[in-house]
>>> print(open('start25.cif').read())   # mmCIF, C-alpha atoms and all ligand atoms
data_work
#
loop_
_atom_site.label_atom_id
_atom_site.label_comp_id
_atom_site.auth_asym_id
_atom_site.auth_seq_id
_atom_site.Cartn_x
_atom_site.Cartn_y
_atom_site.Cartn_z
CA MET A 1 -8.78 -1.43 1.44
CA SER A 2 -9.01 -1.57 5.21
CA GLY A 3 -9.80 -5.19 5.98
CA SER A 4 -8.96 -8.79 5.25
CA GLY A 5 -9.04 -8.26 1.52
CA SER A 6 -11.07 -11.30 0.49
CA ASN A 7 -12.78 -9.24 -2.23
CA LEU A 8 -9.38 -8.09 -3.42
CA GLN A 9 -8.20 -11.70 -3.49
CA ALA A 10 -11.19 -12.70 -5.62
CA LEU A 11 -10.31 -9.96 -8.11
CA ILE A 12 -6.63 -10.92 -8.18
CA ASP A 13 -7.59 -14.57 -8.76
CA ALA A 14 -9.93 -13.54 -11.59
CA THR A 15 -7.17 -11.58 -13.31
CA THR A 16 -5.08 -14.74 -13.69
CA SER A 17 -7.46 -15.62 -16.54
CA PRO A 18 -6.57 -13.70 -19.72
CA ASP A 19 -10.29 -13.61 -20.58
CA PHE A 20 -11.00 -11.39 -17.55
CA GLY A 21 -9.68 -8.38 -19.43
CA ALA A 22 -8.12 -6.46 -16.55
CA GLN A 23 -5.12 -6.40 -14.25
CA VAL A 24 -4.78 -4.98 -10.74
CA VAL A 25 -2.19 -2.18 -11.17
CA ALA A 26 -2.01 -1.14 -7.49
CA VAL A 27 -3.63 -1.70 -4.11
CA GLY A 28 -4.01 1.12 -1.60
CA ALA A 29 -5.07 1.25 2.02
CA ASP A 30 -5.64 3.83 4.74
CA ARG A 31 -4.12 1.58 7.42
CA PRO A 32 -0.76 -0.20 7.49
CA GLY A 33 -0.27 -3.85 8.36
CA ILE A 34 -3.51 -5.18 6.93
CA GLU A 35 -4.00 -8.47 5.14
CA ALA A 36 -5.10 -6.79 1.90
CA LEU A 37 -1.66 -5.17 1.51
CA ASP A 38 0.06 -8.48 2.25
CA ARG A 39 -2.09 -10.21 -0.36
CA ALA A 40 -1.09 -7.61 -2.96
CA GLU A 41 2.60 -7.86 -2.10
CA ARG A 42 2.48 -11.67 -2.35
CA HIS A 43 1.24 -11.21 -5.91
CA GLY A 44 3.88 -8.60 -6.80
CA ILE A 45 1.31 -5.78 -7.07
CA ASP A 46 2.33 -2.20 -6.18
CA THR A 47 0.94 -1.02 -2.85
CA PHE A 48 0.52 2.28 -1.08
CA CYS A 49 -0.78 3.31 2.33
CA LEU A 50 -2.17 6.74 3.25
CA PRO A 51 -3.36 6.93 6.88
CA LEU A 52 -5.62 9.92 7.51
CA ALA A 53 -3.62 10.71 10.67
CA ASP A 54 -0.55 11.49 8.53
CA PHE A 55 -2.29 14.53 7.03
CA ASP A 56 -3.36 17.92 8.39
CA ASP A 57 -6.99 17.31 7.50
CA ARG A 58 -9.33 15.33 5.28
CA VAL A 59 -8.87 17.74 2.39
CA ALA A 60 -5.10 17.16 2.33
CA TRP A 61 -5.62 13.41 2.66
CA ASP A 62 -8.10 13.41 -0.22
CA VAL A 63 -5.72 15.35 -2.48
CA ALA A 64 -2.87 12.95 -1.64
CA LEU A 65 -5.12 9.95 -2.31
CA ALA A 66 -6.14 11.38 -5.68
CA ASP A 67 -2.49 12.06 -6.62
CA GLU A 68 -1.33 8.62 -5.54
CA VAL A 69 -4.10 6.79 -7.39
CA ALA A 70 -3.48 8.93 -10.50
CA SER A 71 0.20 7.93 -10.47
CA HIS A 72 -0.87 4.33 -11.19
CA ALA A 73 -3.05 5.40 -14.15
CA PRO A 74 -5.98 3.06 -13.46
CA ASP A 75 -8.95 2.81 -15.83
CA LEU A 76 -11.28 1.69 -13.04
CA ILE A 77 -10.95 2.06 -9.27
CA VAL A 78 -12.48 -0.56 -6.99
CA LEU A 79 -13.08 0.14 -3.30
CA ALA A 80 -13.68 -3.00 -1.25
CA GLY A 81 -13.73 -2.71 2.50
CA PHE A 82 -12.40 0.86 2.25
CA MET A 83 -14.12 2.48 5.24
CA LYS A 84 -13.47 6.12 4.31
CA LEU A 85 -15.44 8.50 2.13
CA THR A 86 -13.45 9.82 -0.79
CA GLY A 87 -13.62 13.60 -1.20
CA PRO A 88 -13.95 16.22 -3.95
CA ALA A 89 -10.37 15.98 -5.24
CA PHE A 90 -10.64 12.21 -5.65
CA LEU A 91 -14.09 12.39 -7.25
CA ALA A 92 -12.97 15.16 -9.63
CA LEU A 93 -10.46 12.75 -11.15
CA PHE A 94 -12.18 9.41 -10.68
CA GLY A 95 -15.90 10.09 -10.32
CA GLY A 96 -17.94 7.84 -12.59
CA ARG A 97 -15.25 5.17 -12.72
CA THR A 98 -14.89 4.28 -9.05
CA VAL A 99 -17.04 1.47 -7.67
CA ASN A 100 -17.52 0.26 -4.12
CA THR A 101 -19.09 -2.84 -2.68
CA HIS A 102 -21.41 -2.75 0.31
CA PRO A 103 -22.74 -5.72 2.32
CA ALA A 104 -26.44 -4.80 2.16
CA LEU A 105 -29.17 -4.16 -0.40
CA SER A 106 -28.87 -0.41 -0.86
CA PRO A 107 -30.44 1.92 0.01
CA SER A 108 -30.94 -0.14 3.19
CA PHE A 109 -28.32 -0.11 5.93
CA PRO A 110 -25.58 2.25 4.70
CA GLY A 111 -22.43 2.59 6.75
CA MET A 112 -19.88 0.43 8.48
CA HIS A 113 -22.11 -2.18 10.18
CA ALA A 114 -24.59 -3.23 7.51
CA PRO A 115 -24.85 -6.95 8.46
CA ARG A 116 -25.39 -6.07 12.14
CA ASP A 117 -27.95 -3.39 11.24
CA ALA A 118 -29.82 -5.82 8.97
CA LEU A 119 -29.97 -8.43 11.74
CA GLU A 120 -31.16 -5.88 14.30
CA HIS A 121 -33.87 -4.71 11.92
CA GLY A 122 -35.05 -8.28 11.44
CA VAL A 123 -34.95 -8.38 7.64
CA LYS A 124 -35.27 -11.84 6.10
CA ILE A 125 -33.35 -11.02 2.95
CA THR A 126 -30.25 -8.86 2.69
CA GLY A 127 -27.35 -9.00 0.27
CA ALA A 128 -24.63 -6.94 -1.35
CA THR A 129 -24.55 -3.94 -3.67
CA LEU A 130 -21.95 -2.80 -6.18
CA PHE A 131 -22.32 0.92 -6.82
CA VAL A 132 -20.60 3.85 -8.47
CA VAL A 133 -19.08 6.03 -5.76
CA ASP A 134 -20.50 9.52 -5.29
CA GLN A 135 -20.11 12.02 -2.44
CA GLY A 136 -22.56 10.20 -0.16
CA MET A 137 -22.18 7.17 2.05
CA ASP A 138 -23.14 4.10 -0.01
CA THR A 139 -25.56 6.22 -2.05
CA GLY A 140 -24.21 6.08 -5.61
CA PRO A 141 -25.79 4.60 -8.76
CA ILE A 142 -26.28 0.86 -8.42
CA VAL A 143 -24.34 -1.41 -10.79
CA ALA A 144 -25.48 -4.77 -9.41
CA GLN A 145 -27.08 -6.38 -6.39
CA VAL A 146 -27.23 -9.90 -5.04
CA ALA A 147 -29.77 -11.19 -2.50
CA VAL A 148 -28.77 -13.33 0.48
CA PRO A 149 -31.24 -14.89 2.95
CA VAL A 150 -30.90 -14.19 6.67
CA LEU A 151 -31.08 -17.52 8.53
CA PRO A 152 -32.78 -17.86 11.95
CA ASP A 153 -29.55 -18.66 13.80
CA ASP A 154 -27.36 -16.06 12.06
CA ASP A 155 -25.12 -13.76 14.03
CA GLU A 156 -23.28 -10.78 12.55
CA SER A 157 -20.28 -12.89 11.63
CA THR A 158 -22.09 -15.81 9.96
CA LEU A 159 -24.34 -13.44 8.05
CA HIS A 160 -21.48 -11.24 6.85
CA GLU A 161 -19.45 -14.26 5.76
CA ARG A 162 -22.41 -15.64 3.77
CA ILE A 163 -22.95 -12.23 2.17
CA LYS A 164 -19.27 -12.06 1.26
CA VAL A 165 -19.43 -15.33 -0.71
CA SER A 166 -22.06 -13.79 -2.99
CA GLU A 167 -20.47 -10.35 -2.85
CA ARG A 168 -17.14 -11.64 -4.19
CA GLN A 169 -18.81 -13.33 -7.16
CA MET A 170 -20.83 -10.19 -7.93
CA LEU A 171 -17.70 -8.05 -7.72
CA VAL A 172 -15.72 -10.26 -10.08
CA ASP A 173 -18.58 -10.60 -12.58
CA TRP A 174 -19.39 -6.90 -12.81
CA VAL A 175 -15.92 -5.39 -12.49
CA GLY A 176 -14.90 -7.74 -15.30
CA ARG A 177 -17.78 -6.53 -17.39
CA MET A 178 -16.97 -2.88 -16.69
CA ALA A 179 -13.36 -3.55 -17.66
CA ARG A 180 -14.24 -5.33 -20.93
CA GLU A 181 -17.22 -3.34 -22.18
CA ASN A 182 -17.90 0.31 -22.73
CA PHE A 183 -20.28 1.69 -20.18
CA THR A 184 -22.16 4.97 -19.85
CA LEU A 185 -23.50 6.46 -16.66
CA THR A 186 -26.63 8.57 -17.07
CA ASP A 187 -28.10 9.87 -13.83
CA ARG A 188 -28.43 6.67 -11.76
CA THR A 189 -28.30 4.21 -14.65
CA LEU A 190 -25.22 2.38 -15.91
CA THR A 191 -25.64 1.14 -19.48
CA PHE A 192 -23.30 -1.24 -21.25
CA GLY A 193 -22.47 -1.43 -24.92
CA GLU A 194 -22.62 2.24 -25.84
CA SER A 195 -19.59 4.36 -26.57
C1 LIG B 201 -17.00 -6.33 2.54
O1 LIG B 201 -18.13 -7.08 2.93
C2 LIG B 201 -17.41 -4.94 2.10
O2 LIG B 201 -18.65 -4.91 1.46
C3 LIG B 201 -17.48 -4.24 3.43
O3 LIG B 201 -16.32 -4.67 4.09
C4 LIG B 201 -16.08 -6.03 3.73
C5 LIG B 201 -14.62 -6.18 3.36
O4 LIG B 201 -14.30 -7.54 3.23
N1 LIG B 201 -17.53 -2.82 3.24
C6 LIG B 201 -18.36 -2.02 3.93
O5 LIG B 201 -19.04 -2.39 4.86
C7 LIG B 201 -18.38 -0.58 3.44
N2 LIG B 201 -19.53 0.11 3.87
P1 LIG B 201 -12.87 -7.99 2.67
O6 LIG B 201 -11.83 -7.13 3.35
O7 LIG B 201 -12.77 -9.43 3.05
O8 LIG B 201 -12.90 -7.77 1.19
#
>>> encode(input="start25.cif", output="structure tokens")
Amino acid sequence: MSGSGSNLQALIDATTSPDFGAQVVAVGADRPGIEALDRAERHGIDTFCLPLADFDDRVAWDVALADEVASHAPDLIVLAGFMKLTGPAFLALFGGRTVNTHPALSPSFPGMHAPRDALEHGVKITGATLFVVDQGMDTGPIVAQVAVPVLPDDDESTLHERIKVSERQMLVDWVGRMARENFTLTDRTLTFGES
């Protein structure tokens, strides 16, 4: 997590229902003092923070991130507002079971400023994408997408906030499904219900 953590909050809220089928075992960030960490602490969830600047290089940071996440023994890892690419050490352990959410309809507008880029391009429909993390930037196999209209008077903030309403629901629905059901990833296709 790097940001306000509203997607995290939606997941935490969902886990209060026993039917959801998953618990949040830990929340990690690459920056201290962010709202996402506060949200986790308020709910008694373990937290960790690994700023890139604390490490010699990205390789060392990636190894430390992999070790830290492994220590919490998660079944599924959810990135939401985590503005760093995970590296080979992380993907060696957690590839295929790490998902990320992106505020655009991939493969359009990868990167850190998707709502702004969508506005500047003049698209009339954008949205959010849940995808399985690979080595690229917002390039992995798509789990789910939700469409959101761009309104004539939108600015970056109003558009992103409207995307996030749909994005949070998508995240909760599909992370819940991935937690409850077996899934198989073949090339770029995620299939449910097979062992
Ligand atoms: C979300 O819209 C997420 O998709 C985006 O940051 C926001 C975090 O919101 N991530 C990216 O743009 C990654 N490319 P939140 O902190 O309120 O959950």
>>> residues_near_ligand(input="start25.cif", ligand="ligand LIG 201 (chain B)", cutoff="7 Å", atoms="only C-alpha atoms and all ligand atoms", output="list of chain:residue names")
A:Met1, A:Ser2, A:Gly3, A:Ser4, A:Gly5, A:Ser6, A:Asn7, A:Leu8, A:Ala36, A:Ala80, A:Gly81, A:Phe82, A:Met83, A:Thr101, A:His102, A:Pro103, A:Pro110, A:Gly111, A:Met112, A:His113, A:Ala114, A:Ala128, A:Asp138, A:His160, A:Lys164
>>> closest_atom_pairs(input="start25.cif", of="stretch 37-135 of chain A", to="stretch 20-29 of chain A", cutoff="8 Å", atoms="all atoms listed in the file", output="Markdown table")
| residue | atom | partner | partner_atom | distance |
| --- | --- | --- | --- | --- |
| A:Leu37 | CA | A:Val27 | CA | 6.9 |
| A:Ala40 | CA | A:Val27 | CA | 6.5 |
| A:Ile45 | CA | A:Ala26 | CA | 5.7 |
| A:Asp46 | CA | A:Ala26 | CA | 4.7 |
| A:Thr47 | CA | A:Val27 | CA | 4.8 |
| A:Phe48 | CA | A:Gly28 | CA | 4.7 |
| A:Cys49 | CA | A:Ala29 | CA | 4.8 |
| A:Leu50 | CA | A:Ala29 | CA | 6.3 |
| A:Pro51 | CA | A:Ala29 | CA | 7.7 |
| A:His72 | CA | A:Val25 | CA | 6.6 |
| A:Pro74 | CA | A:Val25 | CA | 6.9 |
| A:Phe82 | CA | A:Ala29 | CA | 7.3 |
>>> axis_aligned_box(input="start25.cif", around="stretch 107-121 of chain A", padding_each_side="5 Å", output="JSON")
{"center_x": -26.9, "center_y": -2.9, "center_z": 7.2, "size_x": 24.0, "size_y": 21.0, "size_z": 24.3}
>>> residues_around(input="start25.cif", residues="stretch 166-180 of chain A", least_positions_apart="6", cutoff="12 Å", atoms="only C-alpha atoms", output="PyMOL selection string")
chain A and resi 5-15+17-24+74-81+96-105+126-132+142-149+159-160+190-194
>>> residues_around(input="start25.cif", residues="A:Asp134", least_positions_apart="4", cutoff="7 Å", atoms="only C-alpha atoms", output="PyMOL selection string")
chain A and resi 95+139-140
>>> closest_residue(input="start25.cif", among="A:Gln135, A:Glu68, A:Leu52, A:Leu119", to="A:Leu91", atoms="all atoms listed in the file")
A:Gln135
>>> residues_around(input="start25.cif", residues="A:Ser157", least_positions_apart="6", cutoff="10 Å", atoms="only C-alpha atoms", output="list in words")
Pro115, Arg116 and Ile163 of chain A
>>> write_last_selection(input="start25.cif", atoms="C-alpha atoms", output="short mmCIF file (atom, residue, chain, number, x, y, z; two decimals), in the frame of the given file")
data_model
loop_
_atom_site.label_atom_id
_atom_site.label_comp_id
_atom_site.auth_asym_id
_atom_site.auth_seq_id
_atom_site.Cartn_x
_atom_site.Cartn_y
_atom_site.Cartn_z
CA PRO A 115 -24.85 -6.95 8.46
CA ARG A 116 -25.39 -6.07 12.14
CA ILE A 163 -22.95 -12.23 2.17
#
>>> decode(input="start25.cif", residues="stretch 136-151 of chain A", atoms="all heavy atoms", output="PDB file, in the first residue's frame")
ATOM      1  N   GLY A 136       5.818  -7.042 -15.541  1.00  0.00           N
ATOM      2  CA  GLY A 136       5.582  -5.778 -16.228  1.00  0.00           C
ATOM      3  C   GLY A 136       4.803  -4.790 -15.377  1.00  0.00           C
ATOM      4  O   GLY A 136       4.428  -5.069 -14.241  1.00  0.00           O
ATOM      5  N   MET A 137       4.580  -3.610 -15.970  1.00  0.00           N
ATOM      6  CA  MET A 137       3.803  -2.599 -15.260  1.00  0.00           C
ATOM      7  C   MET A 137       2.338  -2.691 -15.703  1.00  0.00           C
ATOM      8  O   MET A 137       2.005  -2.321 -16.833  1.00  0.00           O
ATOM      9  CB  MET A 137       4.349  -1.191 -15.556  1.00  0.00           C
ATOM     10  CG  MET A 137       3.606  -0.128 -14.747  1.00  0.00           C
ATOM     11  SD  MET A 137       4.193   1.528 -15.070  1.00  0.00           S
ATOM     12  CE  MET A 137       5.812   1.445 -14.356  1.00  0.00           C
ATOM     13  N   ASP A 138       1.505  -3.237 -14.820  1.00  0.00           N
ATOM     14  CA  ASP A 138       0.060  -3.364 -15.082  1.00  0.00           C
ATOM     15  C   ASP A 138      -0.222  -4.203 -16.327  1.00  0.00           C
ATOM     16  O   ASP A 138      -1.160  -3.924 -17.074  1.00  0.00           O
ATOM     17  CB  ASP A 138      -0.584  -1.968 -15.216  1.00  0.00           C
ATOM     18  CG  ASP A 138      -0.323  -1.096 -13.998  1.00  0.00           C
ATOM     19  OD1 ASP A 138      -0.349  -1.619 -12.874  1.00  0.00           O
ATOM     20  OD2 ASP A 138      -0.077   0.108 -14.167  1.00  0.00           O
ATOM     21  N   THR A 139       0.586  -5.253 -16.533  1.00  0.00           N
ATOM     22  CA  THR A 139       0.489  -6.047 -17.763  1.00  0.00           C
ATOM     23  C   THR A 139      -0.040  -7.458 -17.544  1.00  0.00           C
ATOM     24  O   THR A 139      -0.241  -8.185 -18.518  1.00  0.00           O
ATOM     25  CB  THR A 139       1.878  -6.182 -18.415  1.00  0.00           C
ATOM     26  OG1 THR A 139       2.798  -6.669 -17.428  1.00  0.00           O
ATOM     27  CG2 THR A 139       2.372  -4.872 -18.975  1.00  0.00           C
ATOM     28  N   GLY A 140      -0.241  -7.892 -16.315  1.00  0.00           N
ATOM     29  CA  GLY A 140      -0.499  -9.304 -16.050  1.00  0.00           C
ATOM     30  C   GLY A 140      -1.880  -9.768 -16.490  1.00  0.00           C
ATOM     31  O   GLY A 140      -2.734  -8.965 -16.907  1.00  0.00           O
ATOM     32  N   PRO A 141      -2.116 -11.089 -16.415  1.00  0.00           N
ATOM     33  CA  PRO A 141      -3.404 -11.670 -16.802  1.00  0.00           C
ATOM     34  C   PRO A 141      -4.569 -11.008 -16.061  1.00  0.00           C
ATOM     35  O   PRO A 141      -4.510 -10.799 -14.851  1.00  0.00           O
ATOM     36  CB  PRO A 141      -3.266 -13.133 -16.382  1.00  0.00           C
ATOM     37  CG  PRO A 141      -1.803 -13.405 -16.402  1.00  0.00           C
ATOM     38  CD  PRO A 141      -1.148 -12.126 -15.989  1.00  0.00           C
ATOM     39  N   ILE A 142      -5.616 -10.704 -16.809  1.00  0.00           N
ATOM     40  CA  ILE A 142      -6.743  -9.953 -16.255  1.00  0.00           C
ATOM     41  C   ILE A 142      -7.720 -10.886 -15.544  1.00  0.00           C
ATOM     42  O   ILE A 142      -8.169 -11.885 -16.120  1.00  0.00           O
ATOM     43  CB  ILE A 142      -7.425  -9.148 -17.380  1.00  0.00           C
ATOM     44  CG1 ILE A 142      -6.488  -8.049 -17.871  1.00  0.00           C
ATOM     45  CG2 ILE A 142      -8.753  -8.557 -16.893  1.00  0.00           C
ATOM     46  CD1 ILE A 142      -6.935  -7.356 -19.143  1.00  0.00           C
ATOM     47  N   VAL A 143      -8.029 -10.554 -14.298  1.00  0.00           N
ATOM     48  CA  VAL A 143      -9.009 -11.318 -13.514  1.00  0.00           C
ATOM     49  C   VAL A 143     -10.406 -10.754 -13.730  1.00  0.00           C
ATOM     50  O   VAL A 143     -11.372 -11.484 -13.931  1.00  0.00           O
ATOM     51  CB  VAL A 143      -8.652 -11.270 -12.008  1.00  0.00           C
ATOM     52  CG1 VAL A 143      -9.690 -12.034 -11.180  1.00  0.00           C
ATOM     53  CG2 VAL A 143      -7.247 -11.804 -11.762  1.00  0.00           C
ATOM     54  N   ALA A 144     -10.522  -9.428 -13.681  1.00  0.00           N
ATOM     55  CA  ALA A 144     -11.835  -8.788 -13.806  1.00  0.00           C
ATOM     56  C   ALA A 144     -11.647  -7.340 -14.221  1.00  0.00           C
ATOM     57  O   ALA A 144     -10.582  -6.743 -13.978  1.00  0.00           O
ATOM     58  CB  ALA A 144     -12.581  -8.843 -12.476  1.00  0.00           C
ATOM     59  N   GLN A 145     -12.671  -6.802 -14.871  1.00  0.00           N
ATOM     60  CA  GLN A 145     -12.666  -5.380 -15.216  1.00  0.00           C
ATOM     61  C   GLN A 145     -14.049  -4.806 -14.979  1.00  0.00           C
ATOM     62  O   GLN A 145     -15.057  -5.512 -15.082  1.00  0.00           O
ATOM     63  CB  GLN A 145     -12.275  -5.167 -16.688  1.00  0.00           C
ATOM     64  CG  GLN A 145     -10.802  -5.492 -16.955  1.00  0.00           C
ATOM     65  CD  GLN A 145     -10.362  -5.148 -18.356  1.00  0.00           C
ATOM     66  OE1 GLN A 145     -10.960  -5.616 -19.305  1.00  0.00           O
ATOM     67  NE2 GLN A 145      -9.310  -4.355 -18.468  1.00  0.00           N
ATOM     68  N   VAL A 146     -14.078  -3.514 -14.688  1.00  0.00           N
ATOM     69  CA  VAL A 146     -15.348  -2.819 -14.524  1.00  0.00           C
ATOM     70  C   VAL A 146     -15.262  -1.497 -15.287  1.00  0.00           C
ATOM     71  O   VAL A 146     -14.235  -0.814 -15.246  1.00  0.00           O
ATOM     72  CB  VAL A 146     -15.678  -2.618 -13.025  1.00  0.00           C
ATOM     73  CG1 VAL A 146     -14.609  -1.820 -12.309  1.00  0.00           C
ATOM     74  CG2 VAL A 146     -17.039  -1.999 -12.834  1.00  0.00           C
ATOM     75  N   ALA A 147     -16.333  -1.181 -16.034  1.00  0.00           N
ATOM     76  CA  ALA A 147     -16.344   0.032 -16.856  1.00  0.00           C
ATOM     77  C   ALA A 147     -16.959   1.194 -16.086  1.00  0.00           C
ATOM     78  O   ALA A 147     -17.915   1.015 -15.318  1.00  0.00           O
ATOM     79  CB  ALA A 147     -17.129  -0.217 -18.140  1.00  0.00           C
ATOM     80  N   VAL A 148     -16.397   2.366 -16.291  1.00  0.00           N
ATOM     81  CA  VAL A 148     -16.877   3.588 -15.631  1.00  0.00           C
ATOM     82  C   VAL A 148     -16.923   4.696 -16.681  1.00  0.00           C
ATOM     83  O   VAL A 148     -15.923   4.935 -17.366  1.00  0.00           O
ATOM     84  CB  VAL A 148     -15.923   3.986 -14.475  1.00  0.00           C
ATOM     85  CG1 VAL A 148     -16.325   5.316 -13.856  1.00  0.00           C
ATOM     86  CG2 VAL A 148     -15.885   2.892 -13.413  1.00  0.00           C
ATOM     87  N   PRO A 149     -18.069   5.398 -16.827  1.00  0.00           N
ATOM     88  CA  PRO A 149     -18.118   6.473 -17.821  1.00  0.00           C
ATOM     89  C   PRO A 149     -17.304   7.693 -17.389  1.00  0.00           C
ATOM     90  O   PRO A 149     -17.218   7.994 -16.195  1.00  0.00           O
ATOM     91  CB  PRO A 149     -19.610   6.824 -17.899  1.00  0.00           C
ATOM     92  CG  PRO A 149     -20.183   6.359 -16.602  1.00  0.00           C
ATOM     93  CD  PRO A 149     -19.351   5.197 -16.139  1.00  0.00           C
ATOM     94  N   VAL A 150     -16.713   8.366 -18.358  1.00  0.00           N
ATOM     95  CA  VAL A 150     -16.077   9.663 -18.107  1.00  0.00           C
ATOM     96  C   VAL A 150     -17.139  10.727 -18.370  1.00  0.00           C
ATOM     97  O   VAL A 150     -17.745  10.745 -19.444  1.00  0.00           O
ATOM     98  CB  VAL A 150     -14.872   9.872 -19.032  1.00  0.00           C
ATOM     99  CG1 VAL A 150     -14.221  11.229 -18.774  1.00  0.00           C
ATOM    100  CG2 VAL A 150     -13.864   8.738 -18.875  1.00  0.00           C
ATOM    101  N   LEU A 151     -17.390  11.596 -17.394  1.00  0.00           N
ATOM    102  CA  LEU A 151     -18.418  12.624 -17.540  1.00  0.00           C
ATOM    103  C   LEU A 151     -17.789  13.912 -18.072  1.00  0.00           C
ATOM    104  O   LEU A 151     -16.593  14.180 -17.859  1.00  0.00           O
ATOM    105  CB  LEU A 151     -19.106  12.872 -16.197  1.00  0.00           C
ATOM    106  CG  LEU A 151     -19.763  11.617 -15.589  1.00  0.00           C
ATOM    107  CD1 LEU A 151     -20.488  11.969 -14.293  1.00  0.00           C
ATOM    108  CD2 LEU A 151     -20.706  10.939 -16.574  1.00  0.00           C
TER     109      LEU A 151
END
